[in-house]
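**Student:** Next comes the structure file target.txt, holding compact mmCIF, C-alpha atoms.
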# COMPACT_ATOMS: atom_id res chain seq x y z
CA MET A 4 19.24 16.76 -24.95
CA PRO A 5 15.39 17.08 -24.78
CA LEU A 6 13.96 20.58 -24.71
CA ASN A 7 12.32 20.12 -21.31
CA ALA A 8 15.73 19.26 -19.82
CA TRP A 9 16.83 22.83 -20.60
CA THR A 10 13.71 24.54 -19.30
CA SER A 11 12.64 22.29 -16.42
CA TRP A 12 13.61 22.97 -12.83
CA PRO A 13 15.40 20.41 -10.70
CA LEU A 14 13.06 18.24 -8.63
CA ARG A 15 11.65 19.91 -5.55
CA GLU A 16 13.08 17.04 -3.51
CA ALA A 17 16.50 17.93 -4.99
CA LEU A 18 16.19 21.62 -4.13
CA SER A 19 14.87 20.99 -0.63
CA ARG A 20 17.14 20.07 2.23
CA GLU A 21 14.46 18.10 4.04
CA ASP A 22 15.36 14.79 2.38
CA ARG A 23 18.91 14.82 3.70
CA ASN A 24 19.71 12.67 6.69
CA GLY A 25 20.91 14.31 9.89
CA VAL A 26 24.62 13.50 9.53
CA ARG A 27 24.89 14.79 5.96
CA ARG A 28 22.91 17.93 6.77
CA TRP A 29 25.11 18.82 9.73
CA ILE A 30 28.30 18.09 7.79
CA GLY A 31 27.16 20.47 5.06
CA ARG A 32 26.33 23.17 7.59
CA GLY A 33 29.65 22.69 9.32
CA LEU A 34 31.58 23.05 6.07
CA ARG A 35 29.71 26.23 5.15
CA ILE A 36 30.39 27.72 8.58
CA LEU A 37 34.10 26.87 8.33
CA VAL A 38 34.38 28.38 4.85
CA LEU A 39 32.58 31.54 5.94
CA ALA A 40 34.69 31.84 9.08
CA GLY A 41 37.92 31.40 7.10
CA LEU A 42 36.79 33.93 4.52
CA LEU A 43 35.95 36.51 7.19
CA TRP A 44 39.19 35.97 9.06
CA SER A 45 41.33 36.27 5.92
CA THR A 46 39.46 39.37 4.77
CA PHE A 47 39.36 41.35 7.97
CA ALA A 48 42.83 40.20 9.09
CA GLU A 49 44.36 42.03 6.13
CA ARG A 50 42.61 45.22 7.28
CA VAL A 51 41.18 45.85 3.82
CA PHE A 52 38.06 47.36 5.39
CA ARG A 53 38.72 50.30 7.70
CA GLY A 54 36.50 52.96 9.20
CA TRP A 55 33.32 53.32 7.23
CA GLY A 56 34.64 50.64 4.89
CA LEU A 57 34.37 48.17 7.76
CA VAL A 58 30.73 49.11 8.23
CA ALA A 59 30.16 48.72 4.50
CA GLY A 60 31.89 45.32 4.55
CA ILE A 61 29.68 44.07 7.39
CA ALA A 62 26.59 45.40 5.59
CA GLY A 63 27.72 43.68 2.38
CA LEU A 64 28.18 40.42 4.30
CA ALA A 65 24.69 40.65 5.79
CA LEU A 66 23.21 41.53 2.40
CA SER A 67 25.00 38.54 0.83
CA VAL A 68 23.59 36.16 3.46
CA LEU A 69 20.07 37.54 2.92
CA ALA A 70 20.45 37.34 -0.87
CA PHE A 71 21.57 33.72 -0.68
CA ALA A 72 18.68 32.85 1.66
CA GLY A 73 16.23 34.52 -0.71
CA PHE A 74 17.80 32.78 -3.70
CA PHE A 75 17.36 29.36 -2.08
CA ARG A 76 13.75 30.18 -1.24
CA MET A 77 12.92 31.49 -4.72
CA THR A 78 14.45 28.45 -6.43
CA LEU A 79 12.50 26.19 -4.10
CA ARG A 80 9.35 27.93 -5.33
CA CYS A 81 10.57 27.68 -8.96
CA ARG A 82 10.45 31.47 -9.52
CA LEU A 83 13.02 32.21 -12.21
CA TRP A 84 13.26 35.99 -12.48
CA PRO A 85 13.45 36.71 -8.73
CA SER A 86 16.17 34.05 -8.49
CA VAL A 87 18.16 35.62 -11.33
CA ALA A 88 17.69 39.08 -9.78
CA LEU A 89 19.13 37.87 -6.47
CA LEU A 90 22.10 36.38 -8.31
CA LEU A 91 22.69 39.77 -9.92
CA VAL A 92 22.65 41.35 -6.45
CA LEU A 93 25.36 38.92 -5.36
CA GLU A 94 27.34 39.67 -8.51
CA ALA A 95 27.10 43.40 -7.75
CA ILE A 96 28.37 42.80 -4.19
CA ALA A 97 31.30 40.83 -5.64
CA PHE A 98 32.14 43.74 -8.02
CA ALA A 99 31.99 46.16 -5.10
CA CYS A 100 34.33 43.98 -3.04
CA HIS A 101 36.77 43.73 -5.95
CA ALA A 102 36.66 47.48 -6.54
CA TYR A 103 37.38 48.11 -2.86
CA GLY A 104 40.40 45.81 -3.00
CA ALA A 105 38.89 42.73 -1.33
CA ARG A 106 39.72 40.24 -4.08
CA LEU A 107 39.20 37.07 -2.06
CA PRO A 108 35.53 37.72 -1.10
CA ALA A 109 34.84 38.76 -4.71
CA ILE A 110 36.35 35.56 -6.11
CA VAL A 111 34.48 33.40 -3.60
CA LEU A 112 31.17 35.12 -4.42
CA TRP A 113 31.64 34.68 -8.18
CA CYS A 114 32.57 31.01 -7.80
CA VAL A 115 29.71 30.27 -5.37
CA CYS A 116 27.21 32.05 -7.65
CA ALA A 117 28.34 29.94 -10.62
CA ILE A 118 28.16 26.64 -8.71
CA THR A 119 24.81 27.47 -7.06
CA ALA A 120 23.27 28.55 -10.37
CA MET A 121 24.33 25.27 -12.00
CA GLU A 122 22.88 23.32 -9.10
CA ARG A 123 19.51 25.03 -8.62
CA LEU A 124 18.40 26.81 -11.81
CA PRO A 125 17.06 25.42 -15.10
CA LEU A 126 19.92 24.81 -17.51
CA SER A 127 18.65 27.50 -19.87
CA ALA A 128 19.26 30.07 -17.10
CA ALA A 129 22.01 28.28 -15.19
CA LEU A 130 24.49 28.20 -18.07
CA PRO A 131 24.38 31.96 -18.84
CA CYS A 132 24.63 32.81 -15.12
CA ALA A 133 27.53 30.41 -14.58
CA VAL A 134 29.32 31.59 -17.73
CA ALA A 135 28.91 35.23 -16.66
CA SER A 136 30.21 34.60 -13.12
CA LEU A 137 33.15 32.44 -14.16
CA GLY A 138 33.91 34.73 -17.10
CA VAL A 139 34.24 37.73 -14.81
CA TYR A 140 36.40 35.67 -12.45
CA ALA A 141 38.67 34.54 -15.31
CA ALA A 142 38.89 38.07 -16.80
CA LEU A 143 39.86 39.72 -13.53
CA ASN A 144 42.14 36.97 -12.22
CA THR A 145 45.19 37.44 -14.48
CA ASP A 146 47.86 35.91 -12.22
CA ASN A 147 48.21 32.58 -14.04
CA TRP A 148 46.03 31.97 -17.06
CA LEU A 149 46.56 28.19 -17.01
CA ALA A 150 45.54 27.88 -13.36
CA THR A 151 42.63 30.26 -13.94
CA THR A 152 41.38 28.22 -16.91
CA ALA A 153 41.66 24.95 -14.97
CA THR A 154 39.87 26.47 -11.99
CA THR A 155 37.09 27.85 -14.20
CA VAL A 156 36.49 24.51 -15.94
CA GLY A 157 36.70 22.66 -12.62
CA LEU A 158 34.13 24.93 -10.98
CA ALA A 159 31.76 24.54 -13.93
CA LEU A 160 32.07 20.75 -13.74
CA ALA A 161 31.69 20.84 -9.95
CA GLY A 162 28.44 22.76 -10.29
CA TYR A 163 27.10 20.29 -12.83
CA VAL A 164 28.15 17.31 -10.67
CA LEU A 165 26.36 18.86 -7.70
CA ARG A 166 23.29 19.25 -9.90
CA LEU A 167 23.42 15.58 -10.90
CA ASP A 168 23.95 14.54 -7.27
CA SER A 169 20.99 16.57 -6.05
CA GLU A 170 18.85 15.20 -8.89
CA ALA A 171 19.81 11.66 -7.91
CA ARG A 172 18.93 12.33 -4.28
CA GLY A 173 15.68 13.96 -5.34
CA ASN A 174 14.75 10.96 -7.50
CA ALA A 175 15.61 8.59 -4.64
CA HIS A 176 13.48 10.63 -2.25
CA ARG A 177 10.58 10.69 -4.71
CA LEU A 178 10.82 6.94 -5.31
CA LEU A 179 10.87 6.37 -1.56
CA ALA A 180 7.74 8.50 -1.17
CA GLN A 181 6.04 6.61 -4.00
CA GLU A 182 7.01 3.29 -2.43
CA ARG A 183 5.55 4.39 0.90
CA ALA A 184 2.36 5.48 -0.84
CA ALA A 185 2.20 2.15 -2.69
CA ARG A 186 2.68 0.25 0.56
CA LYS A 187 -0.04 2.30 2.20
CA ALA A 188 -2.40 1.65 -0.72
CA GLU A 189 -1.49 -2.04 -0.61
CA ALA A 190 -2.24 -2.16 3.11
CA GLU A 191 -5.59 -0.43 2.54
CA THR A 192 -6.39 -2.87 -0.28
CA ALA A 193 -5.48 -5.80 1.94
CA ALA A 194 -7.68 -4.40 4.70
CA LEU A 195 -10.60 -4.03 2.27
CA ALA A 196 -10.03 -7.56 0.98
CA GLU A 197 -9.97 -8.85 4.55
CA ARG A 198 -13.20 -7.04 5.31
CA GLY A 199 -14.74 -8.49 2.16
CA ARG A 200 -13.61 -11.97 3.13
CA ILE A 201 -15.03 -11.61 6.63
CA ALA A 202 -18.30 -10.30 5.20
CA ARG A 203 -18.44 -13.23 2.77
CA GLU A 204 -17.81 -15.75 5.55
CA ILE A 205 -20.48 -14.25 7.79
CA HIS A 206 -22.89 -14.09 4.84
CA ASP A 207 -22.35 -17.77 4.05
CA VAL A 208 -22.83 -18.77 7.67
CA LEU A 209 -26.00 -16.75 8.09
CA ALA A 210 -27.37 -17.83 4.69
CA HIS A 211 -26.88 -21.47 5.64
CA SER A 212 -28.42 -21.00 9.07
CA LEU A 213 -31.38 -18.93 7.87
CA SER A 214 -32.16 -21.23 4.96
CA ALA A 215 -32.23 -24.21 7.34
CA GLN A 216 -34.49 -22.29 9.69
CA LEU A 217 -36.81 -21.43 6.80
CA VAL A 218 -37.16 -25.13 6.05
CA HIS A 219 -38.43 -25.83 9.55
CA LEU A 220 -40.58 -22.70 9.68
CA GLU A 221 -42.17 -23.61 6.35
CA ALA A 222 -42.87 -27.09 7.66
CA ALA A 223 -44.41 -25.60 10.80
CA ARG A 224 -46.53 -23.25 8.71
CA LEU A 225 -47.82 -26.08 6.54
CA LEU A 226 -48.51 -28.14 9.64
CA ILE A 227 -50.50 -25.31 11.23
CA GLN A 228 -52.31 -24.53 7.99
CA HIS A 229 -53.40 -28.08 7.22
CA SER A 230 -53.73 -29.45 10.75
CA THR A 231 -57.20 -30.31 12.03
CA ASP A 232 -56.10 -30.86 15.61
CA LEU A 233 -53.32 -28.63 16.85
CA GLU A 234 -53.20 -30.40 20.18
CA THR A 235 -52.34 -33.63 18.42
CA ASP A 236 -49.69 -31.95 16.29
CA ARG A 237 -48.24 -29.93 19.18
CA ALA A 238 -45.26 -32.26 19.52
CA LYS A 239 -44.41 -31.84 15.84
CA LEU A 240 -44.69 -28.06 16.09
CA LEU A 241 -42.49 -28.04 19.18
CA GLU A 242 -39.94 -30.15 17.33
CA ARG A 243 -39.81 -27.63 14.48
CA VAL A 244 -39.46 -24.68 16.87
CA VAL A 245 -36.68 -26.42 18.77
CA ALA A 246 -34.95 -27.16 15.47
CA CYS A 247 -35.18 -23.50 14.48
CA ARG A 248 -33.67 -22.46 17.78
CA SER A 249 -30.91 -24.98 17.30
CA MET A 250 -30.24 -23.64 13.82
CA ALA A 251 -30.07 -20.07 15.15
CA ARG A 252 -27.54 -21.16 17.76
CA GLU A 253 -25.56 -22.97 15.10
CA GLY A 254 -25.54 -19.77 13.03
CA LEU A 255 -24.09 -17.78 15.91
CA ASP A 256 -21.53 -20.50 16.61
CA GLY A 257 -20.68 -20.64 12.91
CA THR A 258 -20.11 -16.86 12.83
CA ARG A 259 -17.74 -17.08 15.78
CA GLU A 260 -16.07 -20.06 14.14
CA ALA A 261 -15.58 -18.15 10.87
CA LEU A 262 -13.96 -15.24 12.69
CA SER A 263 -11.75 -17.63 14.63
CA ALA A 264 -10.79 -19.39 11.41
CA LEU A 265 -9.80 -16.10 9.81
CA ARG A 266 -7.50 -15.56 12.80
CA GLY A 267 -6.00 -19.00 12.32
CA GLU A 268 -7.78 -20.51 15.34
CA MET A 269 -9.71 -23.35 13.74
CA ALA A 270 -10.27 -26.99 14.61
CA PRO A 271 -9.19 -29.62 12.02
CA VAL A 272 -11.52 -30.12 9.08
CA GLU A 273 -11.88 -33.85 9.81
CA ASP A 274 -13.27 -33.17 13.29
CA PHE A 275 -15.76 -30.67 11.91
CA LEU A 276 -16.91 -33.06 9.18
CA ARG A 277 -17.29 -35.92 11.67
CA GLU A 278 -19.57 -33.81 13.85
CA LEU A 279 -21.52 -32.53 10.86
CA THR A 280 -22.04 -35.94 9.24
CA ALA A 281 -22.95 -37.52 12.55
CA ALA A 282 -25.62 -34.87 13.11
CA GLU A 283 -26.99 -35.36 9.57
CA GLY A 284 -26.76 -39.17 9.56
CA ALA A 285 -24.24 -39.25 6.70
CA ARG A 286 -21.19 -41.45 6.13
CA LEU A 287 -17.72 -39.88 6.12
CA ASP A 288 -14.63 -41.25 4.37
CA VAL A 289 -11.15 -39.66 4.45
CA ALA A 290 -8.64 -40.57 1.74
CA GLY A 291 -5.04 -39.54 1.16
CA GLU A 292 -2.28 -38.40 3.45
CA HIS A 293 -3.41 -35.74 5.88
CA HIS A 294 -1.66 -32.36 5.68
CA ALA A 295 -2.37 -28.92 7.06
CA LEU A 296 -4.76 -26.73 5.05
CA ALA A 297 -4.75 -22.99 4.52
CA PRO A 298 -7.52 -21.21 6.46
CA GLU A 299 -9.32 -20.23 3.23
CA ALA A 300 -9.26 -23.81 1.90
CA ALA A 301 -10.47 -25.24 5.22
CA LEU A 302 -13.32 -22.73 5.34
CA ALA A 303 -14.31 -23.56 1.75
CA VAL A 304 -14.51 -27.28 2.61
CA ARG A 305 -16.63 -26.53 5.67
CA ARG A 306 -19.04 -24.22 3.87
CA VAL A 307 -19.50 -26.52 0.88
CA ALA A 308 -20.19 -29.48 3.16
CA GLN A 309 -22.75 -27.48 5.13
CA GLU A 310 -24.45 -26.14 1.99
CA ALA A 311 -24.55 -29.57 0.31
CA LEU A 312 -26.05 -31.28 3.37
CA THR A 313 -28.57 -28.45 3.78
CA ASN A 314 -29.64 -28.95 0.15
CA VAL A 315 -30.07 -32.67 0.77
CA ARG A 316 -32.24 -31.91 3.79
CA LYS A 317 -34.31 -29.43 1.77
CA HIS A 318 -34.65 -31.19 -1.57
CA ALA A 319 -34.13 -34.88 -0.81
CA PRO A 320 -35.24 -35.61 2.76
CA GLY A 321 -34.42 -39.15 3.85
CA ALA A 322 -31.72 -39.67 1.20
CA ARG A 323 -28.58 -41.69 1.93
CA VAL A 324 -25.63 -39.29 1.99
CA SER A 325 -21.92 -39.99 1.78
CA VAL A 326 -19.15 -37.43 2.30
CA ARG A 327 -15.59 -38.06 1.11
CA LEU A 328 -12.60 -35.87 2.00
CA GLU A 329 -9.63 -36.38 -0.32
CA TYR A 330 -6.07 -35.16 0.24
CA THR A 331 -3.88 -34.94 -2.86
CA GLU A 332 -0.60 -33.24 -3.68
CA GLY A 333 -1.23 -29.55 -3.22
CA TYR A 334 -5.02 -29.87 -3.27
CA VAL A 335 -7.92 -30.96 -1.10
CA GLY A 336 -11.17 -32.36 -2.46
CA LEU A 337 -14.66 -32.88 -1.09
CA VAL A 338 -17.36 -35.08 -2.61
CA VAL A 339 -20.92 -35.05 -1.22
CA ARG A 340 -23.26 -37.54 -2.86
CA ASP A 341 -26.90 -38.41 -2.05
CA SER A 342 -29.01 -41.20 -3.47
CA GLY A 343 -32.32 -39.35 -3.63
CA GLY A 344 -34.88 -39.03 -0.85
CA ARG A 345 -38.08 -40.74 0.10
CA GLY A 346 -39.97 -37.53 0.69
CA LYS A 347 -42.08 -35.64 -1.79
CA PRO A 348 -39.74 -34.02 -4.32
CA GLY A 349 -39.91 -30.23 -4.25
CA GLU A 350 -42.26 -30.09 -1.27
CA LEU A 351 -39.93 -27.72 0.60
CA ALA A 352 -37.68 -26.67 -2.25
CA ARG A 353 -39.44 -23.36 -2.75
CA SER A 354 -38.25 -22.16 0.65
CA GLY A 355 -34.59 -22.15 -0.44
CA SER A 356 -32.84 -19.32 -2.23
CA GLY A 357 -31.21 -21.46 -4.91
CA TYR A 358 -27.98 -19.46 -4.82
CA GLY A 359 -26.06 -21.49 -2.22
CA LEU A 360 -24.01 -23.62 -4.58
CA LEU A 361 -23.46 -20.66 -6.88
CA GLY A 362 -21.91 -18.78 -3.99
CA MET A 363 -19.79 -21.82 -3.15
CA ARG A 364 -18.62 -22.03 -6.76
CA GLU A 365 -17.58 -18.37 -6.67
CA ARG A 366 -15.71 -19.02 -3.42
CA ALA A 367 -13.85 -21.95 -4.99
CA GLU A 368 -12.93 -19.94 -8.08
CA LEU A 369 -11.57 -17.11 -5.92
CA LEU A 370 -9.23 -19.65 -4.32
CA GLY A 371 -8.16 -21.02 -7.72
CA GLY A 372 -10.25 -24.19 -7.43
CA THR A 373 -13.39 -25.67 -8.95
CA LEU A 374 -16.83 -26.77 -7.79
CA GLU A 375 -19.11 -29.02 -9.84
CA SER A 376 -22.61 -30.12 -8.96
CA GLY A 377 -25.36 -32.07 -10.70
CA PRO A 378 -27.14 -35.40 -10.98
CA ASP A 379 -25.28 -38.63 -11.69
CA GLU A 380 -26.18 -42.32 -11.87
CA GLU A 381 -26.56 -42.58 -8.08
CA GLY A 382 -28.40 -39.34 -7.32
CA PHE A 383 -26.90 -35.89 -6.89
CA VAL A 384 -23.23 -35.07 -6.35
CA VAL A 385 -21.22 -31.99 -5.34
CA ARG A 386 -17.47 -32.00 -6.02
CA LEU A 387 -15.07 -29.40 -4.65
CA ARG A 388 -11.35 -29.14 -5.38
CA VAL A 389 -9.26 -26.24 -4.08
CA PRO A 390 -5.54 -25.64 -3.47
CA ALA A 391 -4.50 -26.69 0.02
Represent the structure contained in this file as structure tokens.
**Tutor:**
Amino acid sequence: MPLNAWTSWPLREALSREDRNGVRRWIGRGLRILVLAGLLWSTFAERVFRGWGLVAGIAGLALSVLAFAGFFRMTLRCRLWPSVALLLVLEAIAFACHAYGARLPAIVLWCVCAITAMERLPLSAALPCAVASLGVYAALNTDNWLATTATTVGLALAGYVLRLDSEARGNAHRLLAQERAARKAEAETAALAERGRIAREIHDVLAHSLSAQLVHLEAARLLIQHSTDLETDRAKLLERVVACRSMAREGLDGTREALSALRGEMAPVEDFLRELTAAEGARLDVAGEHHALAPEAALAVRRVAQEALTNVRKHAPGARVSVRLEYTEGYVGLVVRDSGGRGKPGELARSGSGYGLLGMRERAELLGGTLESGPDEEGFVVRLRVPA
């Protein structure tokens, strides 16, 4: 047996009564009350205590109750020497009862002290206390040595079994507390992850909206800076301002849409892509058998489509754009391809942040998918593939 098993106290959950359910606690109390009542009746019915002896017997009973209460409290606090001292007080009361002729209370006290010591003290102290109590009981009870020996061994085993039972209950209580703490930590982690996801969605929506607004504001700035007749270019400026306002409204709508999507209240991806491609003048194709998408996958498709079309508007104005939504077994794919624009390359590219597709790639990887982007033989292509 390891050394710490001899010197360590039973678990606090094992020593405490707080972990017991109501039925078991009241059954235990009821049994103790019945035993005490039977002991008192049998003792005082024989008229062993008379006169001042009766007063001494009542005082001894009260002192025994207080000593047991103190013993339970000291063991709960893991204070060894006060606990042993209280056991010695109980042993002295048992000797006094036996000397006065009250054998039954003395025997009960010795047996209870042995069992309680085995249950609540470290084994290094419990064994000597139990051996001392049961040894005195066996030495003074000379009626039948065979019955006395069997009773002594049985009480020692009963005390050890009670110790194992309390340890098992203490371990179960501790595991339950750890499980509750783990569930609480898991709930807090899930809440933080949900907050992070909401923040990421709102960031992506606002980044898309603000970058689109910057494109129009940059165009308006260049128009004002290089215009020779603002009255002539007023219509163009008004068009840019109206576009910025429209983009701001789209950003607010997109934020509400992201929050609704996180709650599971989201329109089908096909409907969103039809509206988006119609507004951008792009062609939409849907391939594969339609099936429901997880909210995270649907949001990823939406954000990648928005970011890819915004990049086309910024870096390749006037390009022909095709969008293809592909349903496969367990996955959904999105391909956005442009053929290159007729505008001046890079004229408005400096107004973008350049981190849009990088953020989309991180989003796809968090979902266990992939995102690839780059030039091909027809222009520029963005491919997304995430679990559905």
**Student:** Which is closest to A:Leu158 among A:Leu124, A:Leu18, A:Ile110, A:Ile201, if we use all atoms listed in the file?
**Tutor:**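 Smallest distance to A:Leu158 is found for A:Ile110.
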**Student:** Considering all atoms listed in the file, give me a table of residues in stretch 186-298 of chain A that are at most 12 Å from stretch 316-336 of chain A, with the closest atom pair and distance in Å for each, as CSV.
**Tutor:**
residue,atom,partner,partner_atom,distance
A:His211,CA,A:Lys317,CA,11.6
A:Ser214,CA,A:Lys317,CA,9.1
A:Ala215,CA,A:Lys317,CA,7.9
A:Gln216,CA,A:Lys317,CA,10.7
A:Leu217,CA,A:Lys317,CA,9.8
A:Val218,CA,A:Lys317,CA,6.7
A:His219,CA,A:Lys317,CA,9.5
A:Glu221,CA,A:Lys317,CA,10.8
A:Ala222,CA,A:Lys317,CA,10.7
A:Val272,CA,A:Leu328,CA,9.2
A:Glu273,CA,A:Leu328,CA,8.1
A:Asp274,CA,A:Leu328,CA,11.6
A:Phe275,CA,A:Leu328,CA,11.6
A:Leu276,CA,A:Val326,CA,8.5
A:Arg277,CA,A:Val326,CA,9.7
A:Leu279,CA,A:Val326,CA,10.1
A:Thr280,CA,A:Val326,CA,7.7
A:Ala281,CA,A:Val326,CA,10.9
A:Ala282,CA,A:Arg316,CA,11.8
A:Glu283,CA,A:Arg316,CA,8.5
A:Gly284,CA,A:Val324,CA,7.7
A:Ala285,CA,A:Val324,CA,4.9
A:Arg286,CA,A:Ser325,CA,4.6
A:Leu287,CA,A:Val326,CA,4.8
A:Asp288,CA,A:Arg327,CA,4.7
A:Val289,CA,A:Leu328,CA,4.7
A:Ala290,CA,A:Glu329,CA,4.8
A:Gly291,CA,A:Tyr330,CA,4.6
A:Glu292,CA,A:Tyr330,CA,5.9
A:His293,CA,A:Tyr330,CA,6.3
A:His294,CA,A:Tyr330,CA,7.5
A:Ala295,CA,A:Tyr330,CA,10.0
A:Leu296,CA,A:Val335,CA,8.1
A:Ala297,CA,A:Val335,CA,10.3
**Student:** Do you know which residues are at most 12 Å from stretch 113-117 of chain A counting all atoms listed in the file, after dropping those on the same chain fewer than 6 positions away, and could you put them as a PyMOL selection string?
**Tutor:** chain A and resi 35+38-39+67+70-71+74-75+86-87+89-101+106-107+123-124+128-144+151+154-163+165-166
**Student:** Using all atoms listed in the file, find all polymer residues with an atom at most 12 Å away from the point (-27.6, -24.7, 15.3); report them as JSON, numbers by chain.
**Tutor:** {"A": [208, 209, 211, 212, 213, 214, 215, 216, 244, 245, 246, 247, 248, 249, 250, 251, 252, 253, 254, 255, 256, 257, 258, 279, 282, 309]}
**Student:** Nearest to A:Gly173 among A:Arg366, A:Lys187, A:Arg198, A:Arg15, with distances taken over all atoms listed in the file: which residue is it?
**Tutor:**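 Using all atoms listed in the file, A:Gly173 sits closest to A:Arg15.
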**Student:** Which residues are close to A:Leu369, i.e. within 12 Å by all atoms listed in the file, leaving aside same-chain residues fewer than 2 positions away? Reply as an MDAnalysis selection string.
**Tutor:** chainID A and resid 196 200 203 299:300 303 362:367 371:374 389:390
**Student:** Name the closest residue to A:Asn174 among the candidates A:Ala194, A:Leu360, A:Leu14, A:Ala238; distances are taken between atoms, counting all atoms listed in the file.
**Tutor:**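 That would be A:Leu14, the residue with the smallest distance to A:Asn174.
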**Student:** One decimal, Å: what's the distance from atom CA of A:Arg386 over to atom CA of A:Val304, could you say?
**Tutor:**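 Taking atom CA of A:Arg386 as the start and atom CA of A:Val304 as the end point, the length is 10.3 Å.
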**Student:** In Å, rounded to a single decimal, give me how far atom CA of A:Pro13 is from atom CA of A:Leu64.
**Tutor:**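 One can read the atom CA of A:Leu64 to atom CA of A:Pro13 distance as 28.1 Å.
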